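Undergrad: Okay, so here is data.txt, and as you'll see once you scroll down, it has compact mmCIF, C-alpha atoms (C1' of nucleotides).
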# COMPACT_ATOMS: atom_id res chain seq x y z
CA MET J 1 3.55 -4.03 -2.33
CA PRO J 2 2.51 -0.48 -2.49
CA GLU J 3 0.07 0.90 -0.03
CA LEU J 4 -0.97 4.52 0.32
CA PRO J 5 2.48 5.94 1.22
CA GLU J 6 4.19 4.30 -1.72
CA VAL J 7 1.45 5.43 -4.07
CA GLU J 8 1.65 9.00 -2.81
CA TYR J 9 5.40 8.88 -3.26
CA ALA J 10 4.97 7.60 -6.83
CA ARG J 11 2.47 10.39 -7.53
CA GLN J 12 4.81 13.07 -6.25
CA ARG J 13 7.68 11.75 -8.34
CA LEU J 14 5.57 11.56 -11.49
CA THR J 15 4.42 15.12 -10.88
CA ARG J 16 7.94 16.38 -10.36
CA TRP J 17 9.24 14.61 -13.45
CA THR J 18 6.57 15.63 -15.91
CA THR J 19 4.40 18.59 -14.97
CA GLY J 20 4.26 20.96 -17.91
CA SER J 21 6.01 18.58 -20.30
CA ALA J 22 4.22 17.08 -23.26
CA LEU J 23 3.95 13.37 -23.80
CA THR J 24 6.06 12.65 -26.87
CA GLY J 25 5.82 8.90 -27.19
CA TRP J 26 5.05 5.60 -25.55
CA ASP J 27 6.14 1.99 -25.50
CA LEU J 28 3.51 -0.57 -24.55
CA VAL J 29 5.87 -3.43 -23.75
CA ASP J 30 3.14 -5.56 -22.18
CA PRO J 31 -0.33 -5.00 -23.68
CA GLY J 32 -1.87 -6.45 -20.51
CA ALA J 33 -0.69 -3.37 -18.63
CA PHE J 34 -3.18 -1.14 -20.49
CA ARG J 35 -6.68 -2.18 -19.53
CA PRO J 36 -10.17 -1.12 -20.47
CA LYS J 37 -10.89 -0.57 -16.77
CA LEU J 38 -8.52 -0.43 -13.86
CA SER J 39 -9.12 -4.07 -13.02
CA ALA J 40 -6.80 -6.36 -11.13
CA HIS J 41 -6.25 -8.65 -14.09
CA PRO J 42 -4.08 -7.92 -17.09
CA THR J 43 -6.83 -7.76 -19.69
CA PRO J 44 -5.57 -5.83 -22.72
CA ASP J 45 -7.59 -2.85 -23.90
CA PRO J 46 -8.20 -3.21 -27.65
CA LEU J 47 -8.20 0.59 -27.88
CA ALA J 48 -4.85 0.98 -26.11
CA VAL J 49 -2.93 2.26 -29.12
CA ALA J 50 -5.58 4.81 -30.00
CA ARG J 51 -5.87 5.94 -26.39
CA LEU J 52 -2.14 6.44 -25.97
CA GLN J 53 -1.81 8.15 -29.31
CA ALA J 54 -4.59 10.55 -28.37
CA LEU J 55 -2.53 11.73 -25.41
CA VAL J 56 0.65 12.32 -27.41
CA GLY J 57 1.35 16.04 -27.68
CA ARG J 58 -0.65 16.88 -24.58
CA PRO J 59 1.05 18.23 -21.45
CA SER J 60 0.99 16.52 -18.08
CA THR J 61 -1.07 18.96 -16.04
CA ALA J 62 -2.10 17.41 -12.75
CA THR J 63 -2.09 14.31 -10.60
CA ALA J 64 -4.44 13.25 -7.85
CA ARG J 65 -4.40 10.31 -5.51
CA HIS J 66 -7.27 8.57 -3.78
CA GLY J 67 -6.33 5.53 -1.74
CA LYS J 68 -3.96 3.46 -3.83
CA ARG J 69 -5.15 4.89 -7.13
CA VAL J 70 -3.66 7.82 -9.03
CA GLY J 71 -5.38 9.99 -11.59
CA TRP J 72 -3.05 11.61 -14.09
CA SER J 73 -4.48 14.40 -16.21
CA PHE J 74 -3.19 15.61 -19.55
CA GLY J 75 -5.18 18.80 -19.84
CA GLY J 76 -8.47 17.02 -19.16
CA PRO J 77 -8.29 13.41 -20.25
CA GLY J 78 -5.59 11.10 -19.03
CA LEU J 79 -4.89 7.90 -17.17
CA LEU J 80 -5.79 6.07 -14.01
CA LEU J 81 -2.87 4.21 -12.45
CA HIS J 82 -2.61 1.31 -10.07
CA LEU J 83 0.61 -0.31 -8.91
CA GLY J 84 -0.86 -3.70 -8.03
CA MET J 85 1.39 -5.78 -5.84
CA THR J 86 4.86 -5.07 -7.21
CA GLY J 87 4.58 -2.03 -9.45
CA ALA J 88 6.75 1.07 -9.37
CA TRP J 89 7.29 4.06 -11.66
CA VAL J 90 10.93 4.69 -12.42
CA GLU J 91 12.74 7.21 -14.57
CA GLY J 92 15.65 6.54 -16.89
CA ALA J 93 16.84 3.32 -18.49
CA ARG J 94 14.29 0.65 -19.31
CA PRO J 95 14.05 -1.65 -16.26
CA ARG J 96 13.99 -5.42 -16.33
CA HIS J 97 10.23 -5.78 -15.89
CA ALA J 98 9.12 -2.78 -17.92
CA ARG J 99 5.41 -2.95 -18.85
CA LEU J 100 4.76 0.54 -20.20
CA GLY J 101 7.03 3.43 -21.03
CA LEU J 102 5.89 7.04 -21.36
CA ARG J 103 8.31 9.45 -23.00
CA PHE J 104 8.52 13.15 -22.23
CA GLY J 105 11.23 14.50 -24.49
CA ASP J 106 14.53 13.03 -23.37
CA ARG J 107 13.05 11.46 -20.27
CA THR J 108 11.18 8.17 -20.12
CA LEU J 109 9.07 6.95 -17.23
CA TRP J 110 8.56 3.24 -16.89
CA LEU J 111 6.02 1.14 -15.11
CA ASN J 112 8.21 -1.66 -13.77
CA ASP J 113 6.12 -4.53 -12.43
CA PRO J 114 7.45 -8.07 -12.04
CA ARG J 115 4.13 -9.63 -11.06
CA ARG J 116 2.11 -7.72 -13.63
CA MET J 117 -0.86 -6.93 -11.46
CA GLY J 118 -0.39 -3.20 -11.80
CA GLY J 119 -1.64 -1.29 -14.81
CA VAL J 120 -3.22 1.79 -16.29
CA SER J 121 -6.47 2.66 -17.99
CA TYR J 122 -7.67 5.57 -20.05
CA ASP J 123 -10.09 7.98 -18.45
CA ASP J 124 -11.72 11.07 -19.92
CA ASP J 125 -11.46 12.92 -16.59
CA PRO J 126 -9.12 11.18 -14.16
CA SER J 127 -9.14 13.95 -11.57
CA ALA J 128 -12.90 13.59 -11.28
CA HIS J 129 -12.98 9.80 -11.31
CA VAL J 130 -9.96 8.80 -9.25
CA GLY J 131 -12.06 8.08 -6.17
CA THR J 132 -14.97 6.33 -7.87
CA GLY J 133 -16.05 3.29 -5.92
CA LEU J 134 -13.61 3.92 -3.08
CA GLY J 135 -14.22 4.87 0.53
CA PRO J 136 -12.74 8.03 2.04
CA ASP J 137 -9.01 8.44 1.60
CA ALA J 138 -7.19 7.13 4.66
CA LEU J 139 -4.76 10.05 4.82
CA LEU J 140 -6.68 13.05 3.47
CA ASP J 141 -9.91 12.17 5.22
CA GLY J 142 -9.45 9.26 7.60
CA SER J 143 -13.11 8.86 8.51
CA LEU J 144 -13.95 5.40 9.81
CA SER J 145 -17.66 5.96 9.32
CA GLN J 146 -17.91 3.23 6.71
CA VAL J 147 -15.56 0.87 8.54
CA VAL J 148 -17.21 0.69 11.94
CA PRO J 149 -20.61 -0.66 10.82
CA SER J 150 -18.91 -3.76 9.39
CA ARG J 151 -19.30 -7.06 11.18
CA SER J 152 -16.02 -8.33 9.73
CA PRO J 153 -12.83 -8.40 11.76
CA ILE J 154 -11.51 -4.86 12.04
CA LYS J 155 -8.42 -5.61 9.99
CA VAL J 156 -10.48 -6.99 7.12
CA ALA J 157 -12.79 -3.97 7.25
CA LEU J 158 -9.82 -1.56 7.26
CA MET J 159 -8.46 -3.20 4.13
CA ASP J 160 -11.78 -3.06 2.29
CA GLN J 161 -11.10 -0.24 -0.18
CA ARG J 162 -14.82 0.49 -0.51
CA ARG J 163 -14.95 1.36 3.20
CA LEU J 164 -11.58 3.12 3.57
CA ALA J 165 -9.13 3.66 0.74
CA GLY J 166 -5.40 3.26 1.15
CA LEU J 167 -4.60 0.75 3.87
CA GLY J 168 -3.17 -2.63 2.88
CA ASN J 169 -1.92 -5.61 4.79
CA ILE J 170 1.12 -3.97 6.34
CA HIS J 171 -0.21 -0.63 7.47
CA ALA J 172 -3.52 -2.08 8.66
CA ALA J 173 -1.60 -4.43 10.96
CA GLU J 174 0.78 -1.71 12.12
CA ALA J 175 -2.02 0.77 12.83
CA LEU J 176 -3.90 -1.81 14.91
CA TRP J 177 -0.74 -2.51 16.89
CA ARG J 178 -0.29 1.21 17.56
CA ALA J 179 -3.88 1.46 18.73
CA GLY J 180 -3.67 -1.68 20.88
CA ILE J 181 -6.61 -3.31 19.13
CA SER J 182 -6.83 -6.97 18.15
CA PRO J 183 -7.16 -7.47 14.39
CA ARG J 184 -9.81 -10.12 15.11
CA LEU J 185 -12.19 -7.79 16.93
CA ARG J 186 -15.31 -7.18 14.88
CA ALA J 187 -15.34 -3.61 13.56
CA CYS J 188 -18.83 -3.00 14.93
CA ASP J 189 -17.67 -3.96 18.43
CA LEU J 190 -15.10 -1.18 18.76
CA ASP J 191 -15.98 1.26 21.51
CA GLU J 192 -15.67 5.03 21.26
CA GLY J 193 -12.20 5.12 22.74
CA GLN J 194 -10.93 2.44 20.38
CA ARG J 195 -12.31 4.26 17.38
CA ALA J 196 -10.54 7.43 18.40
CA ALA J 197 -7.30 5.58 19.07
CA LEU J 198 -7.49 3.83 15.72
CA THR J 199 -8.17 7.04 13.81
CA GLN J 200 -5.12 8.59 15.40
CA ALA J 201 -3.00 5.47 14.86
CA ILE J 202 -3.81 5.32 11.15
CA ARG J 203 -2.87 8.95 10.68
CA ALA J 204 0.40 8.48 12.55
CA GLN J 205 1.25 5.25 10.73
CA LEU J 206 0.69 6.68 7.26
CA THR J 207 2.38 9.98 8.04
CA GLU J 208 5.51 8.31 9.35
CA ALA J 209 5.65 5.82 6.49
CA LEU J 210 5.39 8.65 4.00
CA LYS J 211 8.14 10.54 5.77
CA ALA J 212 10.43 7.54 5.34
CA LEU J 213 10.08 7.86 1.55
CA ASP J 214 12.30 10.85 0.87
CA LEU J 215 11.79 12.08 -2.68
CA GLU J 216 15.53 12.32 -3.17
CA THR J 217 16.00 8.62 -2.49
CA ASP J 218 14.97 5.77 -4.73
CA LEU J 219 13.39 3.55 -2.08
CA ARG J 220 10.01 3.19 -3.74
CA TYR J 221 8.80 0.98 -0.88
CA VAL J 222 8.90 1.63 2.83
CA SER J 223 10.40 -1.81 3.34
CA ASP J 224 13.21 -1.38 0.81
CA GLY J 225 16.69 -1.33 2.22
CA GLY J 226 17.06 -4.52 4.18
CA ASP J 227 15.86 -4.79 7.76
CA ASN J 228 12.18 -5.13 8.48
CA PRO J 229 11.18 -1.64 9.66
CA PHE J 230 7.81 -2.71 11.06
CA ALA J 231 6.71 -3.38 14.63
CA VAL J 232 4.68 -6.54 14.05
CA TYR J 233 4.43 -7.23 10.32
CA GLY J 234 6.49 -10.28 9.39
CA ARG J 235 7.69 -10.78 12.97
CA GLN J 236 6.07 -14.00 14.10
CA GLY J 237 7.69 -15.22 17.32
CA GLN J 238 9.75 -12.10 17.84
CA PRO J 239 9.23 -9.93 20.93
CA CYS J 240 6.67 -7.13 20.75
CA PRO J 241 8.59 -3.82 20.80
CA ARG J 242 6.17 -2.48 23.40
CA CYS J 243 5.66 -5.33 25.87
CA GLY J 244 8.06 -8.10 24.86
CA ALA J 245 5.44 -10.81 24.35
CA PRO J 246 5.95 -12.96 21.24
CA ILE J 247 4.16 -11.82 18.09
CA SER J 248 1.46 -14.14 16.74
CA ARG J 249 0.47 -14.85 13.17
CA GLU J 250 -2.67 -16.27 11.65
CA LEU J 251 -4.75 -15.94 8.51
CA LEU J 252 -7.49 -13.36 8.59
CA GLY J 253 -9.54 -12.79 5.48
CA GLY J 254 -7.02 -14.93 3.64
CA ARG J 255 -4.09 -12.69 4.48
CA GLY J 256 -1.18 -13.23 6.85
CA THR J 257 -1.88 -11.21 10.00
CA TRP J 258 0.62 -10.41 12.72
CA TRP J 259 -0.21 -8.94 16.11
CA CYS J 260 0.77 -8.90 19.77
CA PRO J 261 -1.75 -10.98 21.73
CA SER J 262 -0.68 -9.28 24.93
CA CYS J 263 -1.10 -5.60 24.09
CA GLN J 264 -3.75 -6.16 21.40
CA PRO J 265 -6.13 -8.32 23.43
C1' DT M 1 9.79 -28.22 -3.30
C1' DG M 2 6.35 -25.54 -1.07
C1' DA M 3 4.85 -21.50 0.84
C1' DA M 4 4.24 -16.91 0.96
C1' DA M 5 4.36 -12.35 -0.85
C1' DT M 6 2.71 -4.76 0.75
C1' DG M 7 -3.57 -6.15 -4.34
C1' DT M 8 -8.03 -6.96 -6.35
C1' DT M 9 -11.96 -9.53 -7.87
C1' DA M 10 -15.10 -13.39 -8.76
C1' DA M 11 -17.41 -17.35 -7.20
C1' DC M 12 -19.37 -20.21 -3.65
C1' DG M 13 -21.83 -21.39 0.55
C1' DA M 14 -23.86 -19.97 4.93
C1' DA Z 1 -27.51 -8.11 1.49
C1' DT Z 2 -23.44 -9.55 4.08
C1' DC Z 3 -19.71 -12.40 5.60
C1' DG Z 4 -16.00 -16.01 5.24
C1' DT Z 5 -13.37 -18.78 2.41
C1' DT Z 6 -11.16 -20.11 -1.64
C1' DA Z 7 -9.38 -19.41 -5.93
C1' DA Z 8 -7.40 -16.83 -9.58
C1' DC Z 9 -4.21 -13.61 -11.64
C1' DA Z 10 1.73 -13.88 -12.43
C1' DT Z 11 6.23 -14.03 -10.76
C1' DT Z 12 9.86 -13.92 -7.46
C1' DT Z 13 11.98 -15.08 -3.27
C1' DC Z 14 12.91 -17.60 0.96
Once you've parsed the file, please lay out its structure as structure tokens.
TA:
Amino acid sequence: MPELPEVEYARQRLTRWTTGSALTGWDLVDPGAFRPKLSAHPTPDPLAVARLQALVGRPSTATARHGKRVGWSFGGPGLLLHLGMTGAWVEGARPRHARLGLRFGDRTLWLNDPRRMGGVSYDDDPSAHVGTGLGPDALLDGSLSQVVPSRSPIKVALMDQRRLAGLGNIHAAEALWRAGISPRLRACDLDEGQRAALTQAIRAQLTEALKALDLETDLRYVSDGGDNPFAVYGRQGQPCPRCGAPISRELLGGRGTWWCPSCQP
DNA sequence: TGAAATGTTAACGA
DNA sequence: ATCGTTAACATTTC
């Protein structure tokens, strides 16, 4: 679910809820949520209890985000967080799919994650390591320098977190629609004008999506709240908002891909 | 019932 | 080394 905007929103909420407060307890409901490394699979970390206990009593001091990953520092050491496909951090009563609870006095933050692909790992310096192995952050940097040499379809290259960190299936498709570029075009075949248009489109897409996630609301995902808010994502057969031609769908890199064949030739 | 789902990674074959 | 595909992970929803 979460792409860069949702992760940034989660980071801001965690920061607001906890900065300056000491961790006072924890509840590892699902051991698979605490992993030795921030891998995609729920492999339990045998040291989880010791790691969590070592953070108890330490204050939450800083958070940092790079792509879809968050580093959370407790005066030096701390955690790396990933929301996977369905994760969200919520405050208050224990939610239905609680995987990990972190208590700060009378307030408990929960990782709620039905599909269990999200998780956390211990790190001795999360602020320094949050970007390890990732390409430039799509919002804070936005450089396509590692994307454009790829011979893969542009959408696949945009979603490769080692080339550019933060875009997922939705916002990659939406940014390409904004830029008028076919998701099938090989990244290395983009011309100068297309690169510039895409850079701008990514910035606009992410900025607007983030704006939709008001910190006072409890949306958690851009798509929460009913109607599909996107131009092409999930709209096979419906008219393109720009030119009226029907939206197409096909698999690209194993993922559902929607685009307008008329204005993204 | 089957398919698909906003993420990541490993394993193959070309 | 790189690219494409397929599968796997786990669960819910349409």
Undergrad: Just need the residues of chain J within 8 Å of chain M, counting only C-alpha atoms (C1' of nucleotides), so spit them out as a PyMOL selection string.
TA: chain J and resi 1-3+39-40+84-85+117+168-170
Undergrad: What does the structure give for the distance between atom CA of Gly71 of chain J and atom CA of Arg58 of chain J, in Å to one decimal?
TA: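 Separation of atom CA of Gly71 of chain J and atom CA of Arg58 of chain J: 15.4 Å.
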Undergrad: What gap, in Å, lies between atom CA of Ala212 of chain J and atom CA of Ala157 of chain J?
TA: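 Going from atom CA of Ala212 of chain J over to atom CA of Ala157 of chain J, I get 26.0 Å.
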Undergrad: Can you measure atom CA of Gly67 of chain J to atom CA of Gln205 of chain J for me? One decimal in Å is fine.
TA: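 Atom CA of Gly67 of chain J sits 14.6 Å away from atom CA of Gln205 of chain J.
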Undergrad: Using all atoms listed in the file, determine which residues of chain Z fall within 7 Å of chain J; present them as a list in words.
TA: DC3, DC9, DA10 and DT11 of chain Z
Undergrad: With C-alpha atoms (C1' of nucleotides) retained, could you export that selection as an mmCIF file, keeping the file's coordinate frame?
TA:
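Output contents, as saved in selection18.cif:
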data_model
loop_
_atom_site.group_PDB
_atom_site.id
_atom_site.type_symbol
_atom_site.label_atom_id
_atom_site.label_comp_id
_atom_site.auth_asym_id
_atom_site.auth_seq_id
_atom_site.Cartn_x
_atom_site.Cartn_y
_atom_site.Cartn_z
ATOM 1 C "C1'" DC Z 3 -19.710 -12.400 5.600
ATOM 2 C "C1'" DC Z 9 -4.210 -13.610 -11.640
ATOM 3 C "C1'" DA Z 10 1.730 -13.880 -12.430
ATOM 4 C "C1'" DT Z 11 6.230 -14.030 -10.760
#
Undergrad: May I have the residues at most 8 Å from (9.2, 16.6, -21.9) in the file's coordinates, counting all atoms listed in the file, as an MDAnalysis selection string?
TA: chainID J and resid 18 20:24 103:107
Undergrad: The centre and edge lengths of an axis-aligned box containing all atoms of segment 1-4 of chain Z present in the file, extended by 8 Å on each side, are to be given in Å to one decimal, as JSON.
TA:
{"center_x": -21.8, "center_y": -12.1, "center_z": 3.5, "size_x": 27.5, "size_y": 23.9, "size_z": 20.1}
Undergrad: When you write segment 3-14 of chain M out from the block above, keep N, CA and C atoms (P, O5', C5', C4', C3', O3' and C1' of nucleotides) and present the result as an mmCIF file, in the first residue's frame, please.
TA:
data_model
loop_
_atom_site.group_PDB
_atom_site.id
_atom_site.type_symbol
_atom_site.label_atom_id
_atom_site.label_comp_id
_atom_site.auth_asym_id
_atom_site.auth_seq_id
_atom_site.Cartn_x
_atom_site.Cartn_y
_atom_site.Cartn_z
ATOM 1 P P DA M 3 -7.658 -17.430 -11.716
ATOM 2 O "O5'" DA M 3 -7.775 -15.893 -11.311
ATOM 3 C "C5'" DA M 3 -8.897 -15.141 -11.755
ATOM 4 C "C4'" DA M 3 -8.658 -13.693 -11.422
ATOM 5 C "C3'" DA M 3 -7.203 -13.257 -11.551
ATOM 6 O "O3'" DA M 3 -7.170 -11.963 -12.109
ATOM 7 C "C1'" DA M 3 -7.930 -12.944 -9.316
ATOM 8 P P DA M 4 -5.764 -11.346 -12.533
ATOM 9 O "O5'" DA M 4 -5.641 -10.181 -11.469
ATOM 10 C "C5'" DA M 4 -6.784 -9.405 -11.148
ATOM 11 C "C4'" DA M 4 -6.496 -8.613 -9.900
ATOM 12 C "C3'" DA M 4 -5.039 -8.143 -9.803
ATOM 13 O "O3'" DA M 4 -4.983 -6.735 -9.752
ATOM 14 C "C1'" DA M 4 -5.796 -9.131 -7.763
ATOM 15 P P DA M 5 -3.567 -6.004 -9.751
ATOM 16 O "O5'" DA M 5 -3.394 -5.546 -8.237
ATOM 17 C "C5'" DA M 5 -4.372 -4.716 -7.631
ATOM 18 C "C4'" DA M 5 -4.137 -4.675 -6.132
ATOM 19 C "C3'" DA M 5 -2.649 -4.698 -5.739
ATOM 20 O "O3'" DA M 5 -2.118 -3.367 -5.756
ATOM 21 C "C1'" DA M 5 -3.949 -6.137 -4.347
ATOM 22 P P DT M 6 -0.988 -2.982 -6.592
ATOM 23 O "O5'" DT M 6 -0.250 -1.978 -5.611
ATOM 24 C "C5'" DT M 6 0.452 -0.894 -6.186
ATOM 25 C "C4'" DT M 6 0.998 -0.013 -5.082
ATOM 26 C "C3'" DT M 6 1.513 -0.741 -3.858
ATOM 27 O "O3'" DT M 6 2.587 0.052 -3.321
ATOM 28 C "C1'" DT M 6 -0.125 0.710 -3.201
ATOM 29 P P DG M 7 4.016 -0.434 -3.825
ATOM 30 O "O5'" DG M 7 4.247 -1.624 -2.813
ATOM 31 C "C5'" DG M 7 4.406 -1.346 -1.431
ATOM 32 C "C4'" DG M 7 5.598 -2.132 -0.911
ATOM 33 C "C3'" DG M 7 6.828 -2.018 -1.814
ATOM 34 O "O3'" DG M 7 7.972 -1.860 -0.982
ATOM 35 C "C1'" DG M 7 6.184 -4.286 -1.612
ATOM 36 P P DT M 8 9.425 -1.619 -1.627
ATOM 37 O "O5'" DT M 8 10.046 -3.072 -1.566
ATOM 38 C "C5'" DT M 8 10.234 -3.663 -0.291
ATOM 39 C "C4'" DT M 8 10.713 -5.072 -0.425
ATOM 40 C "C3'" DT M 8 12.020 -5.246 -1.216
ATOM 41 O "O3'" DT M 8 12.959 -5.735 -0.292
ATOM 42 C "C1'" DT M 8 10.393 -6.900 -1.785
ATOM 43 P P DT M 9 14.467 -5.980 -0.706
ATOM 44 O "O5'" DT M 9 14.497 -7.524 -1.127
ATOM 45 C "C5'" DT M 9 14.087 -8.495 -0.186
ATOM 46 C "C4'" DT M 9 14.109 -9.843 -0.860
ATOM 47 C "C3'" DT M 9 15.366 -10.098 -1.693
ATOM 48 O "O3'" DT M 9 15.955 -11.286 -1.202
ATOM 49 C "C1'" DT M 9 13.410 -10.659 -2.894
ATOM 50 P P DA M 10 17.379 -11.759 -1.728
ATOM 51 O "O5'" DA M 10 17.048 -13.219 -2.282
ATOM 52 C "C5'" DA M 10 16.066 -14.006 -1.622
ATOM 53 C "C4'" DA M 10 15.694 -15.163 -2.516
ATOM 54 C "C3'" DA M 10 16.861 -15.703 -3.348
ATOM 55 O "O3'" DA M 10 16.767 -17.118 -3.378
ATOM 56 C "C1'" DA M 10 15.116 -15.020 -4.788
ATOM 57 P P DA M 11 17.986 -17.950 -3.973
ATOM 58 O "O5'" DA M 11 17.316 -18.571 -5.282
ATOM 59 C "C5'" DA M 11 16.027 -19.162 -5.211
ATOM 60 C "C4'" DA M 11 15.558 -19.443 -6.619
ATOM 61 C "C3'" DA M 11 16.677 -19.923 -7.553
ATOM 62 O "O3'" DA M 11 16.251 -21.060 -8.272
ATOM 63 C "C1'" DA M 11 15.521 -18.094 -8.513
ATOM 64 P P DC M 12 17.345 -22.095 -8.801
ATOM 65 O "O5'" DC M 12 16.971 -22.266 -10.342
ATOM 66 C "C5'" DC M 12 16.790 -21.158 -11.037
ATOM 67 C "C4'" DC M 12 15.866 -21.204 -12.186
ATOM 68 C "C3'" DC M 12 16.636 -21.352 -13.492
ATOM 69 O "O3'" DC M 12 16.033 -22.298 -14.356
ATOM 70 C "C1'" DC M 12 15.590 -19.187 -13.346
ATOM 71 P P DG M 13 16.987 -22.854 -15.518
ATOM 72 O "O5'" DG M 13 16.624 -21.861 -16.707
ATOM 73 C "C5'" DG M 13 15.267 -21.636 -17.073
ATOM 74 C "C4'" DG M 13 15.216 -20.556 -18.153
ATOM 75 C "C3'" DG M 13 16.265 -20.744 -19.254
ATOM 76 O "O3'" DG M 13 15.667 -20.401 -20.497
ATOM 77 C "C1'" DG M 13 16.558 -18.637 -18.229
ATOM 78 P P DA M 14 16.492 -20.557 -21.839
ATOM 79 O "O5'" DA M 14 16.720 -19.043 -22.262
ATOM 80 C "C5'" DA M 14 15.600 -18.198 -22.564
ATOM 81 C "C4'" DA M 14 16.117 -16.808 -22.910
ATOM 82 C "C3'" DA M 14 17.186 -16.793 -24.005
ATOM 83 O "O3'" DA M 14 16.938 -15.720 -24.899
ATOM 84 C "C1'" DA M 14 18.011 -15.725 -22.066
#
